[in-house]
>>> print(open('my_file03.cif').read())   # mmCIF, C-alpha atoms
data_work
loop_
_atom_site.label_atom_id
_atom_site.label_comp_id
_atom_site.auth_asym_id
_atom_site.auth_seq_id
_atom_site.Cartn_x
_atom_site.Cartn_y
_atom_site.Cartn_z
CA MET A 1 -9.31 9.19 21.95
CA ARG A 2 -10.60 12.06 19.82
CA TYR A 3 -11.12 11.65 16.09
CA GLU A 4 -11.07 14.72 13.85
CA THR A 5 -11.65 15.17 10.12
CA PRO A 6 -10.29 18.60 9.16
CA GLU A 7 -11.05 19.98 5.71
CA THR A 8 -7.80 21.83 5.10
CA THR A 9 -4.18 20.88 5.56
CA ARG A 10 -3.60 23.93 7.73
CA ASP A 11 -6.44 22.86 10.05
CA ALA A 12 -4.87 19.40 10.27
CA ALA A 13 -1.56 20.98 11.27
CA ALA A 14 -3.31 23.23 13.80
CA LEU A 15 -4.98 20.21 15.42
CA LEU A 16 -1.59 18.51 15.78
CA ALA A 17 -0.06 21.70 17.18
CA ALA A 18 -2.82 22.17 19.77
CA GLU A 19 -2.86 18.58 21.06
CA LYS A 20 -0.98 18.12 24.34
CA GLY A 21 -1.02 14.33 24.24
CA GLU A 22 -0.10 11.88 21.48
CA ALA A 23 -1.48 12.88 18.09
CA TYR A 24 -1.23 10.99 14.83
CA ILE A 25 -2.23 11.57 11.24
CA LEU A 26 -4.51 8.84 9.89
CA ALA A 27 -4.17 8.34 6.14
CA GLY A 28 -4.83 4.74 5.10
CA GLY A 29 -4.26 3.47 8.63
CA THR A 30 -2.63 0.25 7.46
CA ASP A 31 0.39 0.81 9.71
CA LEU A 32 -1.14 3.03 12.39
CA LEU A 33 -4.11 0.82 13.26
CA VAL A 34 -1.95 -2.31 13.42
CA ARG A 35 0.34 -0.56 15.89
CA MET A 36 -2.59 0.72 17.93
CA LYS A 37 -4.03 -2.78 18.18
CA ALA A 38 -0.67 -4.18 19.21
CA GLY A 39 -0.65 -1.68 22.07
CA LEU A 40 2.44 0.10 20.74
CA LEU A 41 0.59 3.41 20.41
CA GLU A 42 -2.18 4.95 22.46
CA PRO A 43 -3.21 8.12 20.60
CA ASP A 44 -5.15 10.89 22.30
CA LEU A 45 -6.01 12.34 18.91
CA LEU A 46 -6.34 10.90 15.41
CA VAL A 47 -6.47 13.39 12.56
CA ASP A 48 -8.06 11.73 9.54
CA ILE A 49 -6.88 13.55 6.39
CA LYS A 50 -9.23 11.87 3.92
CA GLN A 51 -11.66 14.83 3.90
CA VAL A 52 -8.98 17.33 2.87
CA PRO A 53 -9.50 18.13 -0.83
CA ALA A 54 -5.85 19.15 -1.33
CA MET A 55 -4.79 15.69 -0.18
CA ASN A 56 -7.03 13.80 -2.58
CA GLY A 57 -6.46 13.05 -6.22
CA ILE A 58 -3.52 12.79 -8.60
CA GLN A 59 -2.91 15.88 -10.74
CA GLN A 60 -0.71 16.07 -13.79
CA THR A 61 0.86 19.52 -14.00
CA ALA A 62 3.51 21.17 -16.15
CA ALA A 63 5.99 20.33 -13.39
CA GLY A 64 5.02 16.65 -13.22
CA PHE A 65 2.61 14.85 -10.94
CA ARG A 66 1.10 15.81 -7.61
CA ILE A 67 -0.15 12.86 -5.58
CA GLY A 68 -2.29 13.83 -2.58
CA ALA A 69 -1.28 12.36 0.76
CA ALA A 70 -4.66 10.61 1.15
CA VAL A 71 -4.58 8.89 -2.26
CA PRO A 72 -4.61 5.10 -1.85
CA ALA A 73 -1.92 3.08 -3.65
CA VAL A 74 -4.50 1.44 -5.90
CA GLU A 75 -5.19 4.82 -7.55
CA LEU A 76 -1.57 5.11 -8.61
CA GLY A 77 -2.00 1.88 -10.53
CA GLU A 78 -5.15 3.19 -12.19
CA HIS A 79 -3.57 6.46 -13.38
CA ARG A 80 -2.36 5.72 -16.91
CA ALA A 81 -0.16 8.78 -17.45
CA LEU A 82 1.54 8.24 -14.10
CA GLY A 83 2.13 4.58 -14.92
CA ARG A 84 3.66 5.48 -18.27
CA THR A 85 5.92 8.16 -16.82
CA TRP A 86 6.92 6.58 -13.50
CA PRO A 87 6.42 2.81 -13.85
CA GLY A 88 8.95 2.09 -11.11
CA VAL A 89 7.15 4.24 -8.55
CA VAL A 90 3.82 2.66 -9.48
CA GLU A 91 5.20 -0.88 -9.31
CA ALA A 92 6.57 -0.13 -5.84
CA ALA A 93 3.13 1.10 -4.70
CA LYS A 94 1.56 -2.04 -6.17
CA LEU A 95 3.88 -4.17 -4.03
CA ILE A 96 2.63 -2.87 -0.69
CA GLY A 97 0.74 -5.58 1.20
CA SER A 98 -2.06 -7.04 -0.90
CA ASP A 99 -5.05 -5.70 -2.86
CA GLN A 100 -6.90 -5.07 0.40
CA VAL A 101 -4.00 -3.06 1.80
CA GLN A 102 -3.49 -1.12 -1.44
CA GLY A 103 -7.12 -0.01 -1.30
CA ARG A 104 -6.30 1.93 1.87
CA CYS A 105 -2.56 2.60 2.15
CA THR A 106 -0.91 5.75 0.82
CA ILE A 107 2.59 6.55 -0.39
CA ALA A 108 2.76 9.56 1.94
CA GLY A 109 1.90 7.21 4.80
CA ASN A 110 4.50 4.74 3.58
CA LEU A 111 7.04 7.59 3.76
CA CYS A 112 5.89 8.95 7.14
CA ASN A 113 5.77 5.53 8.78
CA ALA A 114 9.54 5.74 8.29
CA SER A 115 10.16 2.02 7.98
CA PRO A 116 13.59 1.30 6.49
CA ALA A 117 11.86 -1.40 4.42
CA ALA A 118 9.08 0.78 2.94
CA ASP A 119 8.63 -0.17 -0.70
CA THR A 120 7.80 3.18 -2.25
CA VAL A 121 10.47 5.21 -0.47
CA PRO A 122 13.49 3.98 -2.50
CA ALA A 123 11.45 4.39 -5.69
CA LEU A 124 10.50 7.95 -4.69
CA MET A 125 14.09 8.80 -3.77
CA ALA A 126 15.36 7.46 -7.09
CA ALA A 127 12.66 9.45 -8.89
CA GLY A 128 13.75 12.68 -7.21
CA ALA A 129 10.35 13.05 -5.56
CA LYS A 130 9.62 15.86 -3.13
CA ALA A 131 7.15 16.10 -0.27
CA VAL A 132 4.96 19.15 0.31
CA VAL A 133 5.12 19.69 4.07
CA VAL A 134 2.60 22.00 5.74
CA GLY A 135 2.80 23.41 9.25
CA PRO A 136 0.47 25.88 10.98
CA GLU A 137 2.68 28.79 9.86
CA ARG A 138 4.45 27.80 6.68
CA ARG A 139 4.73 25.27 3.91
CA ARG A 140 7.94 23.84 2.51
CA THR A 141 8.91 21.43 -0.23
CA VAL A 142 11.48 18.85 0.83
CA PRO A 143 13.31 16.16 -1.17
CA VAL A 144 12.02 12.78 0.04
CA GLU A 145 15.52 11.58 0.97
CA LYS A 146 15.79 14.42 3.54
CA LEU A 147 12.79 13.20 5.57
CA PRO A 148 13.40 9.74 7.10
CA ARG A 149 15.85 9.97 10.02
CA GLY A 150 15.78 6.41 11.30
CA PRO A 151 13.30 3.62 11.95
CA GLY A 152 10.02 5.35 12.85
CA THR A 153 11.46 8.85 12.96
CA MET A 154 11.04 11.67 10.47
CA ALA A 155 12.58 15.11 10.06
CA LEU A 156 9.18 16.70 10.63
CA ALA A 157 8.02 18.99 13.44
CA LYS A 158 5.16 17.71 15.63
CA SER A 159 2.68 19.99 13.87
CA GLU A 160 3.86 19.32 10.31
CA VAL A 161 1.80 17.30 7.86
CA VAL A 162 2.77 15.91 4.45
CA GLU A 163 0.14 17.23 2.04
CA ALA A 164 1.34 15.69 -1.21
CA ILE A 165 4.16 13.94 -3.00
CA LEU A 166 5.52 15.61 -6.14
CA LEU A 167 7.08 13.65 -8.97
CA PRO A 168 8.97 15.65 -11.59
CA GLN A 169 8.28 15.72 -15.30
CA ARG A 170 10.99 13.91 -17.16
CA PRO A 171 12.71 13.95 -20.54
CA ALA A 172 12.11 11.31 -23.21
CA LYS A 173 14.34 8.24 -23.03
CA SER A 174 13.88 7.89 -19.30
CA GLY A 175 12.91 4.86 -17.27
CA ASP A 176 12.66 3.73 -13.68
CA ALA A 177 12.22 0.39 -11.97
CA TYR A 178 11.82 -0.98 -8.46
CA LEU A 179 12.48 -4.55 -7.37
CA ARG A 180 12.28 -6.06 -3.95
CA PHE A 181 13.08 -9.42 -2.53
CA ILE A 182 10.75 -11.08 -0.01
CA PRO A 183 10.31 -14.70 1.07
CA ARG A 184 6.80 -14.88 -0.41
CA THR A 185 5.33 -12.82 -3.23
CA GLU A 186 2.82 -10.74 -1.22
CA MET A 187 2.06 -9.46 2.27
CA ASP A 188 5.64 -9.48 3.46
CA ILE A 189 8.31 -6.94 4.28
CA ALA A 190 11.25 -6.29 1.99
CA VAL A 191 14.51 -8.10 2.73
CA VAL A 192 16.06 -5.71 0.22
CA GLY A 193 14.51 -3.19 -2.19
CA ALA A 194 16.32 -1.49 -5.07
CA ALA A 195 15.16 1.41 -7.25
CA VAL A 196 16.88 2.78 -10.34
CA ASN A 197 15.86 5.84 -12.35
CA LEU A 198 17.82 6.90 -15.42
CA THR A 199 17.74 9.01 -18.56
CA LEU A 200 19.58 8.05 -21.74
CA GLU A 201 21.16 10.05 -24.54
CA ARG A 202 21.88 7.94 -27.63
CA GLY A 203 21.89 4.81 -25.53
CA VAL A 204 24.34 6.23 -22.98
CA VAL A 205 23.20 6.81 -19.39
CA LYS A 206 23.15 10.58 -18.96
CA THR A 207 21.67 10.87 -15.47
CA ALA A 208 20.86 8.24 -12.88
CA ARG A 209 19.63 7.94 -9.32
CA ILE A 210 19.77 4.70 -7.37
CA ALA A 211 18.22 4.02 -3.96
CA LEU A 212 18.08 1.00 -1.67
CA GLY A 213 15.59 -0.09 0.98
CA ALA A 214 15.83 -2.39 4.01
CA VAL A 215 19.62 -2.30 4.13
CA ALA A 216 20.15 0.65 6.48
CA PRO A 217 18.22 2.55 9.20
CA THR A 218 16.49 4.48 6.41
CA ALA A 219 16.10 3.97 2.68
CA VAL A 220 19.25 5.41 1.14
CA LEU A 221 20.30 7.11 -2.05
CA VAL A 222 23.56 5.69 -3.38
CA PRO A 223 25.23 8.38 -5.52
CA ARG A 224 28.36 6.26 -6.02
CA ALA A 225 26.29 3.53 -7.61
CA ALA A 226 24.64 6.07 -9.92
CA ARG A 227 28.04 7.47 -10.93
CA ALA A 228 29.19 3.96 -11.81
CA ILE A 229 26.67 3.73 -14.65
CA ILE A 230 26.57 7.37 -15.84
CA GLY A 231 28.37 7.66 -19.17
CA THR A 232 28.04 3.94 -19.90
CA ARG A 233 25.77 1.75 -22.01
CA LEU A 234 25.20 -0.37 -18.93
CA ASP A 235 27.89 -2.83 -19.95
CA ASP A 236 28.81 -5.65 -17.58
CA ALA A 237 31.77 -3.80 -16.10
CA ALA A 238 29.60 -0.78 -15.25
CA LEU A 239 26.94 -3.01 -13.72
CA GLU A 240 29.57 -4.81 -11.70
CA LYS A 241 30.89 -1.53 -10.34
CA MET A 242 27.38 -0.32 -9.58
CA ALA A 243 26.49 -3.53 -7.74
CA ALA A 244 29.67 -3.26 -5.67
CA ALA A 245 28.82 0.35 -4.77
CA CYS A 246 25.34 -0.74 -3.69
CA SER A 247 26.70 -3.52 -1.52
CA ALA A 248 29.23 -1.12 0.00
CA ALA A 249 26.43 1.32 0.91
CA CYS A 250 24.59 -1.29 2.97
CA ASN A 251 24.46 -1.16 6.74
CA PRO A 252 21.71 -3.70 7.41
CA ILE A 253 20.49 -5.67 10.39
CA ASP A 254 20.44 -9.43 10.86
CA ASP A 255 16.91 -10.69 11.32
CA LYS A 256 14.64 -13.61 10.52
CA ARG A 257 14.22 -12.34 6.95
CA GLY A 258 17.91 -12.24 6.09
CA THR A 259 21.42 -12.02 7.45
CA ILE A 260 23.69 -9.01 7.00
CA ALA A 261 25.87 -10.85 4.45
CA TYR A 262 22.83 -11.97 2.50
CA ARG A 263 21.28 -8.49 2.34
CA VAL A 264 24.57 -6.92 1.27
CA LYS A 265 24.89 -9.41 -1.58
CA VAL A 266 21.24 -9.22 -2.67
CA ALA A 267 21.33 -5.39 -2.75
CA GLY A 268 23.86 -5.51 -5.58
CA VAL A 269 22.00 -8.24 -7.44
CA LEU A 270 18.63 -6.47 -7.26
CA ALA A 271 20.06 -3.07 -8.21
CA ARG A 272 21.66 -4.67 -11.24
CA ARG A 273 18.39 -6.22 -12.36
CA ALA A 274 16.46 -3.01 -11.68
CA ALA A 275 19.01 -1.02 -13.69
CA CYS A 276 18.56 -3.34 -16.68
CA ILE A 277 14.77 -2.96 -16.51
CA ALA A 278 15.00 0.84 -16.21
CA TYR A 279 17.44 0.91 -19.13
CA GLU A 280 15.07 -1.10 -21.29
CA ARG A 281 12.11 1.08 -20.28
CA ALA A 282 14.13 4.11 -21.34
CA GLY A 283 14.47 2.55 -24.78
CA GLY A 284 18.03 1.32 -24.36
CA LYS A 285 19.28 -1.95 -25.83
CA ARG A 286 22.14 -3.66 -24.06
CA MET B 1 -15.46 8.84 29.14
CA PRO B 2 -14.21 8.29 25.62
CA GLU B 3 -15.79 10.57 23.06
CA SER B 4 -18.41 9.01 20.88
CA VAL B 5 -19.40 9.81 17.32
CA VAL B 6 -22.44 9.05 15.24
CA VAL B 7 -21.80 7.16 12.00
CA ASP B 8 -24.07 6.30 9.10
CA VAL B 9 -22.98 3.26 7.18
CA ASN B 10 -24.82 1.43 4.43
CA VAL B 11 -24.15 -2.29 4.73
CA ASN B 12 -25.37 -4.60 1.97
CA GLY B 13 -27.93 -1.98 0.95
CA VAL B 14 -29.30 -1.34 4.44
CA ALA B 15 -28.66 1.97 6.21
CA TYR B 16 -27.40 1.78 9.79
CA GLN B 17 -26.82 4.62 12.22
CA ARG B 18 -24.90 3.97 15.43
CA GLU B 19 -23.20 5.98 18.12
CA ILE B 20 -19.74 4.50 18.57
CA GLU B 21 -16.31 5.12 20.02
CA PRO B 22 -13.94 6.46 17.39
CA ARG B 23 -11.49 3.62 17.79
CA LEU B 24 -14.06 0.91 17.06
CA LEU B 25 -12.84 -1.14 14.11
CA LEU B 26 -15.04 -1.67 11.09
CA VAL B 27 -15.03 -5.42 11.71
CA GLU B 28 -16.22 -4.87 15.30
CA PHE B 29 -18.90 -2.53 14.02
CA LEU B 30 -20.13 -5.18 11.58
CA ARG B 31 -20.07 -8.04 14.07
CA GLU B 32 -21.03 -6.37 17.34
CA GLU B 33 -23.01 -3.27 16.45
CA ILE B 34 -25.14 -4.64 13.63
CA GLY B 35 -24.78 -8.35 14.24
CA LEU B 36 -23.37 -9.43 10.89
CA THR B 37 -20.98 -12.13 12.07
CA GLY B 38 -20.16 -13.55 8.65
CA THR B 39 -17.07 -11.35 8.57
CA HIS B 40 -14.46 -13.11 10.67
CA ILE B 41 -11.63 -11.79 12.80
CA GLY B 42 -8.58 -13.94 12.11
CA CYS B 43 -5.21 -12.47 12.88
CA ASP B 44 -6.22 -8.95 13.92
CA THR B 45 -2.95 -7.69 12.42
CA SER B 46 -4.12 -7.23 8.80
CA TYR B 47 -2.21 -10.28 7.67
CA CYS B 48 -4.78 -13.02 7.14
CA GLY B 49 -7.62 -11.35 5.21
CA ALA B 50 -10.46 -13.28 6.92
CA CYS B 51 -12.12 -9.91 7.66
CA THR B 52 -12.06 -8.75 4.01
CA VAL B 53 -15.07 -6.66 2.93
CA THR B 54 -15.53 -3.93 0.36
CA LEU B 55 -15.80 -0.28 1.33
CA ASN B 56 -17.05 1.98 -1.47
CA GLY B 57 -16.23 -0.78 -3.94
CA ARG B 58 -12.64 -1.31 -2.80
CA LEU B 59 -11.36 -4.33 -0.91
CA VAL B 60 -10.31 -3.61 2.66
CA LYS B 61 -9.31 -5.63 5.68
CA SER B 62 -12.00 -4.51 8.09
CA CYS B 63 -9.69 -5.12 11.07
CA THR B 64 -7.47 -2.35 9.71
CA CYS B 65 -10.10 0.27 9.12
CA LEU B 66 -11.98 2.29 11.71
CA ALA B 67 -15.76 2.26 11.58
CA VAL B 68 -15.69 6.08 11.52
CA GLN B 69 -13.73 5.87 8.27
CA ALA B 70 -16.73 4.11 6.75
CA ASP B 71 -19.07 6.94 7.78
CA GLY B 72 -21.23 7.85 4.79
CA GLY B 73 -19.86 4.87 2.89
CA GLU B 74 -21.14 1.62 1.46
CA VAL B 75 -19.91 -1.67 2.81
CA CYS B 76 -20.50 -5.07 1.27
CA THR B 77 -19.95 -8.17 3.40
CA VAL B 78 -20.26 -11.88 2.68
CA GLU B 79 -23.92 -11.69 3.78
CA GLY B 80 -24.55 -9.45 0.78
CA LEU B 81 -23.49 -12.07 -1.77
CA GLU B 82 -26.69 -14.08 -1.63
CA GLN B 83 -29.50 -12.39 -3.57
CA ASN B 84 -33.19 -13.34 -3.10
CA GLY B 85 -32.30 -16.70 -1.63
CA GLU B 86 -29.94 -17.53 -4.51
CA LEU B 87 -26.30 -18.16 -3.72
CA HIS B 88 -23.71 -16.14 -5.60
CA PRO B 89 -21.95 -18.23 -8.29
CA LEU B 90 -18.78 -18.03 -6.21
CA GLN B 91 -20.58 -19.44 -3.18
CA GLU B 92 -21.99 -22.26 -5.31
CA ALA B 93 -18.58 -22.99 -6.79
CA PHE B 94 -16.90 -23.03 -3.35
CA SER B 95 -19.50 -25.57 -2.25
CA GLU B 96 -19.26 -27.67 -5.39
CA HIS B 97 -15.44 -27.75 -5.55
CA HIS B 98 -14.83 -28.10 -1.81
CA GLY B 99 -13.26 -24.66 -1.68
CA LEU B 100 -13.49 -24.71 2.08
CA GLN B 101 -12.41 -26.96 4.88
CA CYS B 102 -12.91 -25.33 8.26
CA GLY B 103 -14.54 -22.33 6.58
CA TYR B 104 -12.88 -19.67 8.66
CA CYS B 105 -11.14 -17.92 5.75
CA THR B 106 -14.08 -18.41 3.39
CA PRO B 107 -15.87 -15.05 3.83
CA GLY B 108 -12.64 -13.21 3.08
CA MET B 109 -11.79 -15.51 0.19
CA LEU B 110 -15.25 -14.96 -1.31
CA MET B 111 -15.02 -11.17 -1.04
CA ALA B 112 -11.49 -11.06 -2.46
CA SER B 113 -12.39 -13.36 -5.34
CA LYS B 114 -15.58 -11.43 -6.07
CA SER B 115 -13.53 -8.26 -6.38
CA LEU B 116 -10.98 -10.07 -8.54
CA LEU B 117 -13.66 -11.30 -10.97
CA GLU B 118 -15.20 -7.84 -11.18
CA GLU B 119 -11.86 -6.47 -12.32
CA ASN B 120 -10.78 -9.44 -14.35
CA PRO B 121 -13.70 -11.71 -15.38
CA SER B 122 -11.51 -14.50 -16.77
CA PRO B 123 -8.32 -14.63 -14.73
CA SER B 124 -5.57 -17.18 -15.29
CA ARG B 125 -4.72 -19.54 -12.44
CA GLU B 126 -1.72 -17.33 -11.75
CA GLU B 127 -3.90 -14.22 -11.58
CA ILE B 128 -6.27 -16.00 -9.21
CA ARG B 129 -3.35 -16.85 -6.94
CA LYS B 130 -2.27 -13.23 -6.98
CA GLY B 131 -5.86 -12.08 -6.40
CA ILE B 132 -6.15 -14.04 -3.16
CA ALA B 133 -2.59 -13.40 -2.01
CA GLY B 134 -3.90 -11.20 0.79
CA ASN B 135 -5.96 -14.07 2.20
CA LEU B 136 -4.58 -16.99 4.15
CA CYS B 137 -6.17 -20.43 4.45
CA ARG B 138 -4.88 -22.09 7.57
CA CYS B 139 -6.12 -25.46 6.32
CA THR B 140 -3.96 -24.86 3.22
CA GLY B 141 -6.94 -25.64 1.00
CA TYR B 142 -5.72 -23.37 -1.79
CA VAL B 143 -5.91 -25.91 -4.60
CA ASN B 144 -9.68 -26.26 -4.32
CA ILE B 145 -10.19 -22.56 -3.61
CA ILE B 146 -8.44 -21.72 -6.87
CA LYS B 147 -10.47 -24.40 -8.68
CA ALA B 148 -13.67 -22.94 -7.28
CA ILE B 149 -12.82 -19.39 -8.34
CA ASP B 150 -11.86 -20.62 -11.78
CA ALA B 151 -15.15 -22.52 -12.11
CA ALA B 152 -17.16 -19.51 -10.93
CA ALA B 153 -15.40 -17.30 -13.47
CA VAL B 154 -16.31 -19.69 -16.28
CA LYS B 155 -19.91 -19.90 -15.08
CA MET B 156 -20.28 -16.14 -14.67
CA GLN B 157 -18.85 -15.56 -18.14
CA GLY B 158 -21.36 -18.00 -19.58
CA VAL B 159 -24.42 -16.25 -18.12
#
>>> encode(input="my_file03.cif", output="C-alpha cells")
Amino acid sequence: MRYETPETTRDAAALLAAEKGEAYILAGGTDLLVRMKAGLLEPDLLVDIKQVPAMNGIQQTAAGFRIGAAVPAVELGEHRALGRTWPGVVEAAKLIGSDQVQGRCTIAGNLCNASPAADTVPALMAAGAKAVVVGPERRRTVPVEKLPRGPGTMALAKSEVVEAILLPQRPAKSGDAYLRFIPRTEMDIAVVGAAVNLTLERGVVKTARIALGAVAPTAVLVPRAARAIIGTRLDDAALEKMAAACSAACNPIDDKRGTIAYRVKVAGVLARRAACIAYERAGGKR
Amino acid sequence: MPESVVVDVNVNGVAYQREIEPRLLLVEFLREEIGLTGTHIGCDTSYCGACTVTLNGRLVKSCTCLAVQADGGEVCTVEGLEQNGELHPLQEAFSEHHGLQCGYCTPGMLMASKSLLEENPSPSREEIRKGIAGNLCRCTGYVNIIKAIDAAAVKMQGV
C-alpha cells in the first residue's frame, strides 16, 4: 500500500485518477481504518488530505461558512460563530462516536462514507449545505443531498475529491436542530436521525427544510414534511401533519437496532421534537 | 515489498524515528516499534477506547489512526502521566478508589479522564460519564472509575 500526502486538492485528485488499483481518501480515518482492519477494503493507495491547506480550517465568509474536508468534528464545536449560526449542524457533529472519534473524524468523511445513518448528513441537508467537489480538470459545487446514492456509494467520479463543505449565511430568526435516537448515548449508530432547519417571520414559519437519517438507503430530504409546517406557528395540527409526512417518507431496514415499524414511528416523533427545538432557537414561542 | 516510510514522532517528550509500513497503526507503533506497552489493544474496531492516547493534544483511539498520521506530531501515552517518579493525581485516585479491576481499560480511562479534566477541571458526575463514554470497562467498574475521576478533580483543583 502506498501512502501519499498531497499539498493541493488538485494533486489529490490527480493521484486518485492515476491509480490503477483501489484508492481511497484518508481524512479522519475513523471509518476507513476500521474497514481496512476488518478486511473489507485492501487499498493500493491512501491519499491523506490533512496536509492540504485548502482542506483545513473553518472560514466565515460573506456567503456563510466554509469547512475544510480535513477539519475534525471537534473544531466545529470550538467555532463560536458556527455554533451560534448552525447549532443543529454542530450538535450533529458532536454526536459522532465519542470525544476520541471527534478528534479525528470529519463531516466531509461522514458524507463520503455514505452511511444512511451518518449523523451530520441530515443536518447538512436540512441546512442547505453544498460540497465543493474537485476533480483533475474541474471543480463543481453540489448540494449535499445530490451526493449519496445508496449505502457506501456516492455520486462522485473516481478522481473526484470533496474539498470543503459550505454552509449558507442565514437571515435572523432562523434555527436548526438535529436529534437522533440510539440505544446508548454515545458510540452507537443512529436508529433514526431527524434534522429541521427553519426561518420565521413574525412567529410564522417562512421557510423550512427537514431531513431524516437511517430510515432509507440514504439520508433523505422530506419536502412534504417541510411544507406541512410552512405558514404555521408550529401548532399541534401542523406538527401532526409533519410527523405523518416524515413517517411516510421512510423506507427503512429491519435490524438489531430497530424494526421497520419502530423506525417509521420514531422518525415522526424525533422530527417533531427537532422542529420544536429549531423553532425555539429561531426565537419562536409556541 | 510494501513501501516503507520514515516517521518522526515525539512520544511523552522523547523523539523517535522509525522506518515503518504505511499501514502500521499508531497503537502498533507505540507497542511494537518503541516498546511502550501501556497502551492496550482492546477491540481493534475503535469501540472500546482501551488504546486511547493524545495526538497533538487531542484524544484519539490509536487503533484507528495510522502511525504515519502522527509523523511530526506529539503523542502522550499512559506512560507519560507519571512525572519524576510521582504518580499523576488521576493514577493515585484510581488506586485509592479502586477505579480498576482487571486493569485492561485503565490506560484509556486515564487518558480520557486527563483530557476531560484539562477541558473541564470540575466536571459533574454526569459530565464525567459523558467524558468517558468512549471507553468501555468490561468489568463494569464504572462506579469507582467515576468516583476516582471526581476525587482527582477535587484534588487537582485544591493544588
>>> atom_distance(input="my_file03.cif", atom1="atom CA of A:Arg180", atom2="atom CA of A:Ala245")
17.8 Å
>>> closest_residue(input="my_file03.cif", among="B:Cys43, B:Ala148, B:Ala112, B:Val143", to="A:Ser98", atoms="all atoms listed in the file")
B:Ala112
>>> closest_residue(input="my_file03.cif", among="B:Ser95, B:Thr106, B:Ser122, B:Ser115", to="B:Lys155", atoms="only C-alpha atoms")
B:Ser122
>>> resolve_selection(input="my_file03.cif", expression="the PyMOL selection byres ((chain B and resi 25-33) around 6)", output="ChimeraX atom specification")
/B:24,34-37,62-63,65-67
>>> write_last_selection(input="my_file03.cif", atoms="C-alpha atoms", output="compact mmCIF listing (two decimals), in the frame of the given file")
# COMPACT_ATOMS: atom_id res chain seq x y z
CA LEU B 24 -14.06 0.91 17.06
CA ILE B 34 -25.14 -4.64 13.63
CA GLY B 35 -24.78 -8.35 14.24
CA LEU B 36 -23.37 -9.43 10.89
CA THR B 37 -20.98 -12.13 12.07
CA SER B 62 -12.00 -4.51 8.09
CA CYS B 63 -9.69 -5.12 11.07
CA CYS B 65 -10.10 0.27 9.12
CA LEU B 66 -11.98 2.29 11.71
CA ALA B 67 -15.76 2.26 11.58
>>> interface_residues(input="my_file03.cif", of="chain B", to="chain A", cutoff="6 Å", atoms="all atoms listed in the file", output="list of chain:residue names")
B:Thr45, B:Arg58, B:Leu59, B:Val60, B:Lys61, B:Thr64, B:Gly134
>>> closest_residue(input="my_file03.cif", among="A:Gly64, A:Arg272, A:Ala237, A:Leu124", to="A:Ala93", atoms="all atoms listed in the file")
A:Leu124
>>> residues_around(input="my_file03.cif", residues="A:Asp254", least_positions_apart="6", cutoff="12 Å", atoms="all atoms listed in the file", output="list of chain:residue names")
A:Val191, A:Ala214, A:Val215, A:Ala216, A:Ile260, A:Ala261, A:Tyr262, A:Arg263, A:Val264
>>> resolve_selection(input="my_file03.cif", expression="the PyMOL selection byres ((chain A and resi 145) around 12)", output="VMD selection string")
chain A and resid 111 to 112 114 116 120 to 131 141 to 144 146 to 150 154 to 155 209 to 213 218 to 222
>>> atom_distance(input="my_file03.cif", atom1="atom CA of B:Cys139", atom2="atom CA of B:Gly99")
10.8 Å
>>> atom_distance(input="my_file03.cif", atom1="atom CA of A:Cys276", atom2="atom CA of A:Leu179")
11.2 Å
>>> residues_near_point(input="my_file03.cif", point="(1.3, 14.6, 8.9)", cutoff="10 Å", atoms="all atoms listed in the file", output="ChimeraX atom specification")
/A:9,12-13,16,23-27,47-49,69,108-109,112,133-135,156-163
>>> axis_aligned_box(input="my_file03.cif", around="stretch 175-180 of chain A", padding_each_side="5 Å", output="lines of an AutoDock Vina configuration file")
center_x = 12.4
center_y = -0.6
center_z = -10.6
size_x = 11.1
size_y = 20.9
size_z = 23.3
>>> closest_residue(input="my_file03.cif", among="A:Gly203, A:Pro252, A:Pro168, A:Gly258", to="A:Ile189", atoms="all atoms listed in the file")
A:Gly258
>>> closest_residue(input="my_file03.cif", among="B:Gln157, B:Asn135, B:Ser113, B:Asn10", to="B:Cys48", atoms="all atoms listed in the file")
B:Asn135
>>> resolve_selection(input="my_file03.cif", expression="the PyMOL selection byres ((chain B and resi 121) around 10)", output="NGL selection string")
:B and (114-120 or 122-124 or 150 or 152-154 or 156-157)
>>> closest_residue(input="my_file03.cif", among="A:Pro151, A:Gly193, A:Pro183, A:Gly283", to="A:Val266", atoms="all atoms listed in the file")
A:Gly193
>>> residues_around(input="my_file03.cif", residues="B:Glu96", least_positions_apart="6", cutoff="12 Å", atoms="only C-alpha atoms", output="list in words")
Leu87, Pro89, Leu90, Asn144, Ile145, Lys147, Ala148, Ile149, Ala151 and Ala152 of chain B
